[in-house]
>>> print(open('entry.txt').read())   # compact mmCIF, C-alpha atoms
# COMPACT_ATOMS: atom_id res chain seq x y z
CA MET G 20 -73.29 25.67 -24.03
CA ARG G 21 -71.00 25.29 -27.02
CA ILE G 22 -69.94 27.56 -29.85
CA GLU G 23 -70.44 26.50 -33.46
CA LEU G 24 -69.56 28.08 -36.79
CA GLU G 25 -72.42 28.03 -39.27
CA LYS G 26 -71.71 28.71 -42.94
CA ARG G 27 -73.45 31.82 -44.20
CA PRO G 28 -75.87 31.16 -47.09
CA GLN G 29 -74.72 34.35 -48.79
CA VAL G 30 -71.31 36.01 -48.48
CA SER G 31 -71.01 39.80 -48.62
CA LYS G 32 -68.85 40.79 -51.58
CA LEU G 33 -68.18 44.20 -50.05
CA PHE G 34 -66.80 42.77 -46.81
CA GLY G 35 -64.90 40.18 -48.82
CA LEU G 36 -63.05 42.99 -50.59
CA LEU G 37 -62.59 45.09 -47.45
CA SER G 38 -61.46 42.18 -45.26
CA PRO G 39 -57.67 42.76 -45.63
CA LEU G 40 -58.05 46.49 -44.93
CA LEU G 41 -60.27 45.77 -41.93
CA ALA G 42 -57.72 43.28 -40.61
CA LEU G 43 -54.92 45.83 -41.03
CA ALA G 44 -56.96 48.48 -39.19
CA LEU G 45 -57.69 46.11 -36.31
CA ALA G 46 -54.01 45.15 -36.14
CA LEU G 47 -53.09 48.83 -35.89
CA ILE G 48 -55.59 49.33 -33.06
CA ALA G 49 -54.32 46.25 -31.22
CA GLY G 50 -50.73 47.38 -31.82
CA THR G 51 -51.53 50.80 -30.38
CA ILE G 52 -52.90 49.19 -27.23
CA MET G 53 -49.91 46.84 -26.99
CA PHE G 54 -47.35 49.65 -27.32
CA ALA G 55 -49.22 51.74 -24.75
CA LEU G 56 -49.19 48.85 -22.27
CA MET G 57 -45.44 48.53 -22.84
CA GLY G 58 -45.03 52.16 -21.81
CA LYS G 59 -44.14 53.33 -25.34
CA ASP G 60 -45.69 56.20 -27.25
CA PRO G 61 -48.04 54.46 -29.76
CA VAL G 62 -47.82 57.32 -32.27
CA GLU G 63 -44.02 57.26 -32.20
CA ALA G 64 -43.98 53.45 -32.46
CA LEU G 65 -46.37 53.31 -35.44
CA ASP G 66 -44.47 56.16 -37.08
CA ALA G 67 -41.27 54.11 -36.75
CA PHE G 68 -43.03 51.06 -38.17
CA PHE G 69 -44.79 52.57 -41.17
CA VAL G 70 -43.42 56.05 -41.94
CA GLU G 71 -39.69 56.27 -41.18
CA PRO G 72 -38.71 53.42 -43.56
CA LEU G 73 -40.31 55.31 -46.49
CA LEU G 74 -38.48 58.60 -46.08
CA GLU G 75 -35.05 57.70 -47.51
CA VAL G 76 -34.06 56.24 -50.89
CA TRP G 77 -31.67 53.70 -49.35
CA SER G 78 -34.49 52.59 -47.05
CA LEU G 79 -36.75 51.94 -50.05
CA HIS G 80 -34.00 49.70 -51.44
CA GLU G 81 -33.98 47.78 -48.16
CA LEU G 82 -37.76 47.49 -48.39
CA ALA G 83 -37.41 45.91 -51.84
CA ILE G 84 -34.76 43.49 -50.52
CA LYS G 85 -37.04 42.29 -47.74
CA ALA G 86 -40.18 42.24 -49.90
CA GLY G 87 -38.59 40.09 -52.65
CA PRO G 88 -38.40 36.77 -50.78
CA LEU G 89 -41.75 37.39 -49.06
CA ILE G 90 -43.55 37.92 -52.36
CA LEU G 91 -41.77 35.07 -54.13
CA ILE G 92 -42.59 32.54 -51.39
CA ALA G 93 -46.15 33.85 -50.95
CA VAL G 94 -46.92 33.46 -54.66
CA GLY G 95 -46.14 29.74 -54.44
CA LEU G 96 -48.15 29.41 -51.23
CA CYS G 97 -51.15 31.14 -52.83
CA LEU G 98 -51.42 28.44 -55.47
CA CYS G 99 -50.65 25.72 -52.95
CA TYR G 100 -53.35 26.82 -50.51
CA ARG G 101 -55.90 27.42 -53.27
CA SER G 102 -55.49 23.76 -54.18
CA ASN G 103 -56.15 22.77 -50.53
CA ASN G 104 -52.56 21.66 -49.89
CA TRP G 105 -51.12 23.20 -46.74
CA ASN G 106 -47.41 23.74 -47.17
CA ILE G 107 -46.18 25.21 -43.86
CA GLY G 108 -42.53 24.35 -44.54
CA ALA G 109 -41.56 27.13 -46.97
CA GLU G 110 -38.90 28.26 -44.49
CA GLY G 111 -37.15 24.89 -44.85
CA GLN G 112 -37.48 24.95 -48.64
CA PHE G 113 -36.04 28.49 -48.61
CA THR G 114 -33.05 27.17 -46.63
CA MET G 115 -32.46 24.13 -48.82
CA GLY G 116 -32.71 26.27 -51.95
CA ALA G 117 -29.97 28.49 -50.55
CA VAL G 118 -27.83 25.43 -49.76
CA ALA G 119 -28.34 23.83 -53.18
CA GLY G 120 -27.57 27.04 -55.07
CA SER G 121 -24.52 27.82 -52.93
CA PHE G 122 -22.99 24.44 -53.76
CA ILE G 123 -21.61 25.75 -57.07
CA PRO G 124 -19.55 28.77 -55.87
CA ILE G 125 -18.43 27.04 -52.65
CA VAL G 126 -17.31 23.71 -54.15
CA PHE G 127 -16.20 24.86 -57.62
CA THR G 128 -14.18 27.84 -56.45
CA ASP G 129 -11.97 27.94 -59.56
CA TRP G 130 -14.89 28.06 -62.01
CA HIS G 131 -15.35 31.63 -63.23
CA SER G 132 -18.02 31.81 -65.91
CA PRO G 133 -21.14 33.86 -66.76
CA MET G 134 -23.06 30.59 -66.37
CA VAL G 135 -22.36 30.39 -62.63
CA LEU G 136 -25.20 32.66 -61.50
CA PRO G 137 -27.94 31.20 -63.77
CA LEU G 138 -26.97 27.68 -62.68
CA MET G 139 -27.06 28.77 -59.04
CA LEU G 140 -30.61 30.09 -59.44
CA ILE G 141 -31.73 26.91 -61.21
CA ALA G 142 -30.09 24.74 -58.55
CA GLY G 143 -31.75 26.78 -55.81
CA ALA G 144 -35.21 26.30 -57.33
CA ILE G 145 -34.57 22.57 -57.80
CA GLY G 146 -33.30 22.23 -54.22
CA GLY G 147 -36.44 23.88 -52.81
CA ALA G 148 -38.69 21.75 -55.03
CA LEU G 149 -36.97 18.50 -54.05
CA TYR G 150 -37.27 19.34 -50.36
CA ALA G 151 -40.97 20.12 -50.85
CA ALA G 152 -41.33 16.75 -52.60
CA ILE G 153 -40.88 14.97 -49.26
CA PRO G 154 -44.21 16.11 -47.71
CA ALA G 155 -45.81 15.77 -51.16
CA LEU G 156 -44.74 12.11 -51.35
CA LEU G 157 -45.91 11.42 -47.81
CA LYS G 158 -49.32 12.99 -48.43
CA ALA G 159 -49.95 11.65 -51.92
CA HIS G 160 -48.97 8.03 -51.21
CA PHE G 161 -49.30 7.60 -47.43
CA ASN G 162 -52.04 10.12 -46.60
CA THR G 163 -49.75 11.83 -44.06
CA ASN G 164 -50.71 15.23 -42.68
CA GLU G 165 -48.67 17.69 -44.75
CA ILE G 166 -48.87 20.43 -42.13
CA LEU G 167 -46.88 18.38 -39.63
CA THR G 168 -44.36 16.91 -42.05
CA SER G 169 -43.56 20.17 -43.87
CA LEU G 170 -43.23 22.03 -40.57
CA MET G 171 -40.90 19.46 -38.97
CA LEU G 172 -38.69 19.48 -42.06
CA VAL G 173 -38.01 23.18 -41.45
CA TYR G 174 -35.91 22.40 -38.38
CA ILE G 175 -34.00 19.64 -40.17
CA ALA G 176 -33.07 22.09 -42.94
CA GLN G 177 -31.96 24.74 -40.46
CA LEU G 178 -29.79 22.30 -38.53
CA PHE G 179 -28.30 21.01 -41.79
CA LEU G 180 -27.40 24.56 -42.81
CA ASP G 181 -25.86 25.18 -39.37
CA TRP G 182 -23.75 22.03 -39.68
CA LEU G 183 -22.52 22.97 -43.15
CA SER G 184 -21.65 26.53 -42.13
CA ARG G 185 -19.71 25.42 -39.06
CA GLY G 186 -18.22 22.28 -40.59
CA PRO G 187 -17.52 21.19 -44.18
CA TRP G 188 -18.24 24.53 -45.84
CA ARG G 189 -16.69 26.86 -43.28
CA ASP G 190 -14.16 29.28 -44.70
CA PRO G 191 -10.71 28.20 -43.47
CA GLN G 192 -9.57 31.82 -43.75
CA GLY G 193 -12.63 33.17 -41.95
CA HIS G 194 -11.08 33.53 -38.47
CA ASN G 195 -13.36 30.80 -37.08
CA PHE G 196 -16.56 32.62 -38.03
CA PRO G 197 -19.28 30.09 -38.95
CA GLN G 198 -19.70 31.03 -42.59
CA SER G 199 -18.62 29.93 -46.04
CA ILE G 200 -16.23 31.73 -48.35
CA ASP G 201 -17.51 34.96 -49.87
CA PHE G 202 -19.07 34.38 -53.27
CA PRO G 203 -17.01 35.60 -56.26
CA PRO G 204 -18.45 38.47 -58.33
CA GLU G 205 -19.91 36.15 -60.98
CA ALA G 206 -21.95 34.37 -58.26
CA VAL G 207 -23.49 37.55 -56.82
CA LEU G 208 -26.95 38.70 -57.91
CA PRO G 209 -26.35 42.23 -59.24
CA ALA G 210 -28.01 45.35 -57.89
CA ILE G 211 -30.69 47.05 -59.99
CA TRP G 212 -29.66 50.67 -59.27
CA GLU G 213 -26.26 50.35 -57.66
CA ASP G 214 -25.72 54.09 -57.34
CA SER G 215 -28.71 54.65 -55.05
CA GLY G 216 -28.89 51.41 -53.04
CA ARG G 217 -28.35 47.67 -52.94
CA ALA G 218 -31.74 46.34 -54.06
CA HIS G 219 -31.07 43.38 -56.35
CA TRP G 220 -32.94 41.43 -59.01
CA GLY G 221 -34.72 39.26 -56.45
CA ILE G 222 -37.60 41.77 -56.32
CA VAL G 223 -37.89 41.57 -60.12
CA PHE G 224 -38.09 37.76 -59.95
CA ALA G 225 -40.86 38.11 -57.36
CA VAL G 226 -42.99 40.51 -59.42
CA VAL G 227 -42.58 38.44 -62.60
CA ALA G 228 -43.50 35.26 -60.70
CA ALA G 229 -46.62 36.95 -59.31
CA ILE G 230 -47.77 38.05 -62.76
CA LEU G 231 -47.14 34.62 -64.31
CA ALA G 232 -48.91 32.84 -61.43
CA TRP G 233 -51.90 35.18 -61.77
CA PHE G 234 -52.07 34.45 -65.50
CA LEU G 235 -51.85 30.72 -64.80
CA MET G 236 -54.70 30.90 -62.29
CA LYS G 237 -56.97 33.05 -64.45
CA TYR G 238 -56.44 31.88 -68.01
CA THR G 239 -55.17 28.28 -68.04
CA LEU G 240 -56.67 24.85 -67.52
CA LYS G 241 -54.20 24.19 -64.70
CA GLY G 242 -55.53 27.23 -62.86
CA PHE G 243 -59.09 25.99 -63.25
CA GLU G 244 -57.97 22.58 -61.98
CA ILE G 245 -56.41 24.21 -58.90
CA VAL G 246 -59.64 26.06 -58.10
CA VAL G 247 -61.92 23.04 -58.62
CA LEU G 248 -59.81 20.60 -56.59
CA GLY G 249 -59.32 23.21 -53.89
CA GLN G 250 -63.05 23.72 -53.48
CA SER G 251 -64.15 20.10 -53.88
CA ALA G 252 -61.93 17.09 -54.52
CA ARG G 253 -65.04 15.05 -55.39
CA ALA G 254 -66.09 17.53 -58.08
CA GLY G 255 -62.54 17.49 -59.39
CA ARG G 256 -62.61 13.71 -59.75
CA PHE G 257 -65.84 13.95 -61.77
CA ALA G 258 -64.07 16.46 -64.02
CA GLY G 259 -61.20 14.01 -64.54
CA PHE G 260 -58.67 15.85 -62.36
CA SER G 261 -56.22 13.95 -60.14
CA SER G 262 -55.90 15.06 -56.51
CA ARG G 263 -52.62 13.15 -56.22
CA LYS G 264 -51.06 14.93 -59.19
CA MET G 265 -52.24 18.24 -57.77
CA VAL G 266 -50.46 17.51 -54.48
CA TRP G 267 -47.23 17.04 -56.41
CA PHE G 268 -47.75 20.13 -58.56
CA ALA G 269 -48.64 22.41 -55.64
CA PHE G 270 -45.72 21.37 -53.45
CA LEU G 271 -43.12 21.35 -56.22
CA PHE G 272 -44.27 24.76 -57.49
CA SER G 273 -44.28 26.41 -54.06
CA GLY G 274 -41.02 24.70 -53.09
CA ALA G 275 -39.29 25.87 -56.26
CA LEU G 276 -40.25 29.50 -55.65
CA ALA G 277 -39.17 29.26 -52.00
CA GLY G 278 -35.83 27.77 -53.09
CA LEU G 279 -35.37 30.52 -55.67
CA ALA G 280 -36.05 33.07 -52.93
CA GLY G 281 -33.43 31.38 -50.74
CA ILE G 282 -30.59 31.47 -53.24
CA SER G 283 -31.56 35.01 -54.30
CA GLU G 284 -31.30 36.16 -50.68
CA VAL G 285 -27.92 34.49 -50.14
CA SER G 286 -26.47 35.58 -53.47
CA GLY G 287 -27.94 39.07 -53.59
CA SER G 288 -28.07 40.26 -49.97
CA ILE G 289 -25.61 38.22 -47.89
CA GLY G 290 -22.85 37.14 -50.27
CA HIS G 291 -22.01 33.89 -48.45
CA LEU G 292 -23.67 31.04 -46.60
CA GLN G 293 -24.08 31.32 -42.82
CA PRO G 294 -26.17 29.63 -40.09
CA ALA G 295 -28.89 32.31 -40.12
CA ILE G 296 -30.02 33.48 -43.56
CA SER G 297 -33.67 34.27 -42.87
CA PRO G 298 -35.53 36.24 -40.20
CA GLY G 299 -38.50 33.96 -40.79
CA TYR G 300 -39.47 34.79 -44.37
CA GLY G 301 -41.04 31.37 -44.94
CA PHE G 302 -43.44 31.77 -42.02
CA THR G 303 -44.19 35.46 -42.63
CA ALA G 304 -45.03 34.62 -46.25
CA ILE G 305 -48.03 32.68 -44.92
CA ILE G 306 -49.38 35.98 -43.57
CA VAL G 307 -48.59 37.61 -46.92
CA ALA G 308 -50.54 34.94 -48.82
CA PHE G 309 -53.63 35.22 -46.63
CA LEU G 310 -53.49 39.02 -46.51
CA ALA G 311 -53.52 38.87 -50.33
CA ARG G 312 -56.61 36.61 -50.17
CA LEU G 313 -54.54 33.94 -51.96
CA ASN G 314 -54.27 36.16 -55.04
CA PRO G 315 -50.74 36.17 -56.58
CA LEU G 316 -51.03 39.82 -57.66
CA GLY G 317 -52.27 40.80 -54.21
CA ALA G 318 -49.14 39.19 -52.77
CA ILE G 319 -47.08 42.05 -54.23
CA LEU G 320 -48.87 44.67 -52.12
CA SER G 321 -49.16 42.53 -48.99
CA GLY G 322 -45.50 41.52 -49.32
CA LEU G 323 -44.50 45.18 -49.31
CA VAL G 324 -46.67 45.78 -46.22
CA LEU G 325 -45.10 42.91 -44.29
CA ALA G 326 -41.61 43.92 -45.46
CA LEU G 327 -42.40 47.35 -44.05
CA THR G 328 -43.11 45.77 -40.65
CA TYR G 329 -39.69 44.06 -40.78
CA LEU G 330 -37.94 47.30 -41.67
CA GLY G 331 -40.09 49.26 -39.24
CA GLY G 332 -39.37 46.74 -36.51
CA GLU G 333 -35.66 47.47 -36.92
CA ALA G 334 -36.30 51.22 -36.83
CA ALA G 335 -38.57 50.86 -33.79
CA GLN G 336 -35.76 49.16 -31.88
CA LEU G 337 -33.65 52.31 -32.28
CA SER G 338 -36.04 55.19 -31.65
CA PRO G 339 -38.88 54.06 -29.32
CA GLY G 340 -36.77 51.14 -28.05
CA ILE G 341 -39.25 48.38 -28.94
CA SER G 342 -37.87 44.84 -28.90
CA ALA G 343 -37.69 42.58 -31.94
CA LYS G 344 -40.08 40.19 -30.18
CA ALA G 345 -42.72 42.91 -30.01
CA ALA G 346 -42.36 43.41 -33.77
CA SER G 347 -42.97 39.67 -34.25
CA VAL G 348 -46.06 39.88 -32.03
CA PHE G 349 -47.34 42.71 -34.20
CA GLN G 350 -46.97 40.51 -37.30
CA GLY G 351 -48.78 37.70 -35.47
CA LEU G 352 -51.64 40.07 -34.62
CA LEU G 353 -51.96 40.89 -38.30
CA LEU G 354 -52.30 37.21 -39.23
CA PHE G 355 -54.80 36.65 -36.41
CA PHE G 356 -57.06 39.46 -37.61
CA VAL G 357 -56.76 38.40 -41.27
CA LEU G 358 -57.92 34.87 -40.44
CA SER G 359 -60.57 36.13 -38.01
CA CYS G 360 -62.08 38.54 -40.53
CA ASP G 361 -62.16 35.88 -43.24
CA THR G 362 -63.77 33.40 -40.86
CA LEU G 363 -66.52 35.83 -39.81
CA ILE G 364 -67.21 36.76 -43.43
CA TYR G 365 -67.88 33.16 -44.43
CA TYR G 366 -69.30 31.87 -41.14
CA LYS G 367 -71.50 33.17 -38.34
CA ILE G 368 -71.09 32.27 -34.69
CA ARG G 369 -73.93 30.33 -33.13
CA LEU G 370 -74.35 29.52 -29.43
CA VAL G 371 -75.85 26.06 -28.88
CA TRP G 372 -77.46 25.35 -25.54
CA SER G 373 -77.77 21.67 -24.63
CA ARG G 374 -79.87 20.27 -21.79
CA VAL G 375 -79.42 16.99 -19.96
CA ARG G 376 -82.61 14.95 -19.81
CA GLY G 377 -82.98 11.56 -18.20
CA GLY G 378 -79.24 11.18 -17.78
CA ALA G 379 -78.57 11.57 -21.50
CA ALA G 380 -77.40 14.71 -23.34
>>> encode(input="entry.txt", output="structure tokens")
Amino acid sequence: MRIELEKRPQVSKLFGLLSPLLALALALIAGTIMFALMGKDPVEALDAFFVEPLLEVWSLHELAIKAGPLILIAVGLCLCYRSNNWNIGAEGQFTMGAVAGSFIPIVFTDWHSPMVLPLMLIAGAIGGALYAAIPALLKAHFNTNEILTSLMLVYIAQLFLDWLSRGPWRDPQGHNFPQSIDFPPEAVLPAIWEDSGRAHWGIVFAVVAAILAWFLMKYTLKGFEIVVLGQSARAGRFAGFSSRKMVWFAFLFSGALAGLAGISEVSGSIGHLQPAISPGYGFTAIIVAFLARLNPLGAILSGLVLALTYLGGEAAQLSPGISAKAASVFQGLLLFFVLSCDTLIYYKIRLVWSRVRGGAA
């Protein structure tokens, strides 16, 4: 006996729309069971995850801080995945964007100008795009699997950041802490409402990027090209579209947004470069993209939901005493159910029984 997936002749539009909500409900049920098996009160744990972070104004600011990079990265991944290019290395592009943008305030310490911050943001986007160009080059010209190459490049970027923070860029006055000098005021992304919290303009960049990406997908020729090549490369070639050019566009676009998210996080939230600048935003953004059904506007809502699990995971460590690893498992359950629901909407499971006759299957 073997299990096969058979494509459904007709897909239910209702279940297609309800799929993310169904996946979220199943994740909540699975999370309840998991917390109960851990000996924790499921109601208290879910309250810490999804209710406590919404009760205070400062907590809403923290939600915006965590949602910004998730949305920004997920928007790029939505377009990338719609074009059938699987960029799994957004975490590395996030890191290299932070490194590239931090070059200006760390190296040119005596340069105090209003142009510092805009140039940092541009350099961050370029750094992320150039790092994403490596798997794009390998796929477009050598037919290399982009999933493997983009993923392996993540660890190279993280080790490079660690080396910089502990070596050439370490603050000599930092009492041996592995971090760079603190960025000067002109290199810090300002807060939106400084009196009530520290949420910065990174969330604004994310929302604007989502709106522009949605417009590009819905109303431009490039968006039509992304959809056609993503569904059928052969049909795209008949229409005169280039799969190779699309590989470059998809990776550079998603890499640039990941790099912009990286420098926004370092400049707006941290204020200096250090070995650990991300709790895994680049990987979590994959869940955000699929929970949004690869719709850039949907990434805003799903990014807020996943940011809530980050914030709730921190709250759950304090009140019910749930570990950070359990919070990561909860996020993984959410991705599992999102992919499972989508798979069962488009495919049906078929059991195939095979018999052996005359020594041959």
>>> atom_distance(input="entry.txt", atom1="CA of Thr163 (chain G)", atom2="CA of Gly108 (chain G)")
14.5 Å
>>> residues_around(input="entry.txt", residues="region 242-246 of chain G", least_positions_apart="2", cutoff="8 Å", atoms="all atoms listed in the file", output="PDB file with C-alpha atoms, in the coordinates of the input")
ATOM      1  CA  LEU G  98     -51.420  28.440 -55.470  1.00  0.00           C
ATOM      2  CA  ARG G 101     -55.900  27.420 -53.270  1.00  0.00           C
ATOM      3  CA  SER G 102     -55.490  23.760 -54.180  1.00  0.00           C
ATOM      4  CA  LEU G 235     -51.850  30.720 -64.800  1.00  0.00           C
ATOM      5  CA  MET G 236     -54.700  30.900 -62.290  1.00  0.00           C
ATOM      6  CA  LYS G 237     -56.970  33.050 -64.450  1.00  0.00           C
ATOM      7  CA  TYR G 238     -56.440  31.880 -68.010  1.00  0.00           C
ATOM      8  CA  THR G 239     -55.170  28.280 -68.040  1.00  0.00           C
ATOM      9  CA  LEU G 240     -56.670  24.850 -67.520  1.00  0.00           C
ATOM     10  CA  LEU G 248     -59.810  20.600 -56.590  1.00  0.00           C
ATOM     11  CA  GLY G 249     -59.320  23.210 -53.890  1.00  0.00           C
ATOM     12  CA  GLN G 250     -63.050  23.720 -53.480  1.00  0.00           C
ATOM     13  CA  GLY G 255     -62.540  17.490 -59.390  1.00  0.00           C
ATOM     14  CA  PHE G 260     -58.670  15.850 -62.360  1.00  0.00           C
ATOM     15  CA  MET G 265     -52.240  18.240 -57.770  1.00  0.00           C
TER      16      MET G 265
END
>>> residues_near_point(input="entry.txt", point="(-28.2, 30.4, -62.9)", cutoff="12 Å", atoms="only C-alpha atoms", output="PyMOL selection string")
chain G and resi 119-121+123-124+132-145+205-208+279+282-283+286
>>> write_last_selection(input="entry.txt", atoms="C-alpha atoms", output="compact mmCIF listing (two decimals), keeping the file's coordinate frame")
# COMPACT_ATOMS: atom_id res chain seq x y z
CA ALA G 119 -28.34 23.83 -53.18
CA GLY G 120 -27.57 27.04 -55.07
CA SER G 121 -24.52 27.82 -52.93
CA ILE G 123 -21.61 25.75 -57.07
CA PRO G 124 -19.55 28.77 -55.87
CA SER G 132 -18.02 31.81 -65.91
CA PRO G 133 -21.14 33.86 -66.76
CA MET G 134 -23.06 30.59 -66.37
CA VAL G 135 -22.36 30.39 -62.63
CA LEU G 136 -25.20 32.66 -61.50
CA PRO G 137 -27.94 31.20 -63.77
CA LEU G 138 -26.97 27.68 -62.68
CA MET G 139 -27.06 28.77 -59.04
CA LEU G 140 -30.61 30.09 -59.44
CA ILE G 141 -31.73 26.91 -61.21
CA ALA G 142 -30.09 24.74 -58.55
CA GLY G 143 -31.75 26.78 -55.81
CA ALA G 144 -35.21 26.30 -57.33
CA ILE G 145 -34.57 22.57 -57.80
CA GLU G 205 -19.91 36.15 -60.98
CA ALA G 206 -21.95 34.37 -58.26
CA VAL G 207 -23.49 37.55 -56.82
CA LEU G 208 -26.95 38.70 -57.91
CA LEU G 279 -35.37 30.52 -55.67
CA ILE G 282 -30.59 31.47 -53.24
CA SER G 283 -31.56 35.01 -54.30
CA SER G 286 -26.47 35.58 -53.47
>>> closest_residue(input="entry.txt", among="G:Leu310, G:Leu271, G:Val266, G:Ala343", to="Ala159 (chain G)", atoms="only C-alpha atoms")
G:Val266
>>> closest_residue(input="entry.txt", among="G:Ala228, G:Leu156, G:Ile200, G:Ala269", to="Asn106 (chain G)", atoms="only C-alpha atoms")
G:Ala269
>>> closest_residue(input="entry.txt", among="G:Asn103, G:Gln198, G:Ser321, G:Ser261", to="Ile125 (chain G)", atoms="all atoms listed in the file")
G:Gln198
>>> residues_around(input="entry.txt", residues="region 59-62 of chain G", least_positions_apart="5", cutoff="7 Å", atoms="all atoms listed in the file", output="ChimeraX atom specification")
/G:51,54,339
>>> closest_residue(input="entry.txt", among="G:Glu71, G:Glu23, G:Glu63, G:Glu110", to="Ser273 (chain G)", atoms="all atoms listed in the file")
G:Glu110
>>> atom_distance(input="entry.txt", atom1="CA of Ile319 (chain G)", atom2="CA of Leu91 (chain G)")
8.8 Å
>>> residues_around(input="entry.txt", residues="Ile84 (chain G)", least_positions_apart="3", cutoff="9 Å", atoms="all atoms listed in the file", output="ChimeraX atom specification")
/G:79-81,87-88,217-222,284,287-288,326
>>> axis_aligned_box(input="entry.txt", around="region 174-183 of chain G", padding_each_side="8 Å", output="AutoDock Vina command-line options")
--center_x -29.2 --center_y 22.4 --center_z -40.8 --size_x 29.4 --size_y 21.5 --size_z 20.8
>>> atom_distance(input="entry.txt", atom1="CA of Ser199 (chain G)", atom2="CA of Ile289 (chain G)")
11.0 Å
>>> residues_around(input="entry.txt", residues="region 292-308 of chain G", least_positions_apart="4", cutoff="7 Å", atoms="only C-alpha atoms", output="PyMOL selection string")
chain G and resi 88-89+92-93+96-97+109-110+113+180-181+184+197-199+285+312-313+318+321-322+325+354
>>> decode(input="entry.txt", residues="region 272-277 of chain G", atoms="all heavy atoms", output="short mmCIF file (atom, residue, chain, number, x, y, z; two decimals), in the first residue's frame")
data_model
loop_
_atom_site.label_atom_id
_atom_site.label_comp_id
_atom_site.auth_asym_id
_atom_site.auth_seq_id
_atom_site.Cartn_x
_atom_site.Cartn_y
_atom_site.Cartn_z
N PHE G 272 14.44 41.27 -5.27
CA PHE G 272 13.34 41.98 -4.61
C PHE G 272 13.18 41.51 -3.17
O PHE G 272 13.13 42.32 -2.23
CB PHE G 272 12.04 41.75 -5.39
CG PHE G 272 10.86 42.50 -4.84
CD1 PHE G 272 10.62 43.81 -5.21
CD2 PHE G 272 9.98 41.89 -3.95
CE1 PHE G 272 9.52 44.51 -4.69
CE2 PHE G 272 8.89 42.58 -3.43
CZ PHE G 272 8.67 43.88 -3.81
N SER G 273 13.11 40.20 -2.98
CA SER G 273 12.93 39.67 -1.62
C SER G 273 14.16 39.93 -0.76
O SER G 273 14.05 40.24 0.43
CB SER G 273 12.62 38.17 -1.66
OG SER G 273 13.66 37.45 -2.28
N GLY G 274 15.36 39.86 -1.35
CA GLY G 274 16.58 40.14 -0.60
C GLY G 274 16.67 41.59 -0.17
O GLY G 274 17.12 41.89 0.95
N ALA G 275 16.23 42.50 -1.04
CA ALA G 275 16.27 43.92 -0.71
C ALA G 275 15.35 44.24 0.47
O ALA G 275 15.73 44.99 1.39
CB ALA G 275 15.89 44.76 -1.92
N LEU G 276 14.15 43.66 0.47
CA LEU G 276 13.23 43.91 1.57
C LEU G 276 13.74 43.28 2.87
O LEU G 276 13.60 43.86 3.96
CB LEU G 276 11.84 43.38 1.24
CG LEU G 276 11.07 44.14 0.15
CD1 LEU G 276 9.65 43.60 0.03
CD2 LEU G 276 11.02 45.64 0.45
N ALA G 277 14.35 42.10 2.77
CA ALA G 277 14.93 41.48 3.97
C ALA G 277 16.09 42.32 4.51
O ALA G 277 16.24 42.50 5.73
CB ALA G 277 15.41 40.06 3.64
#
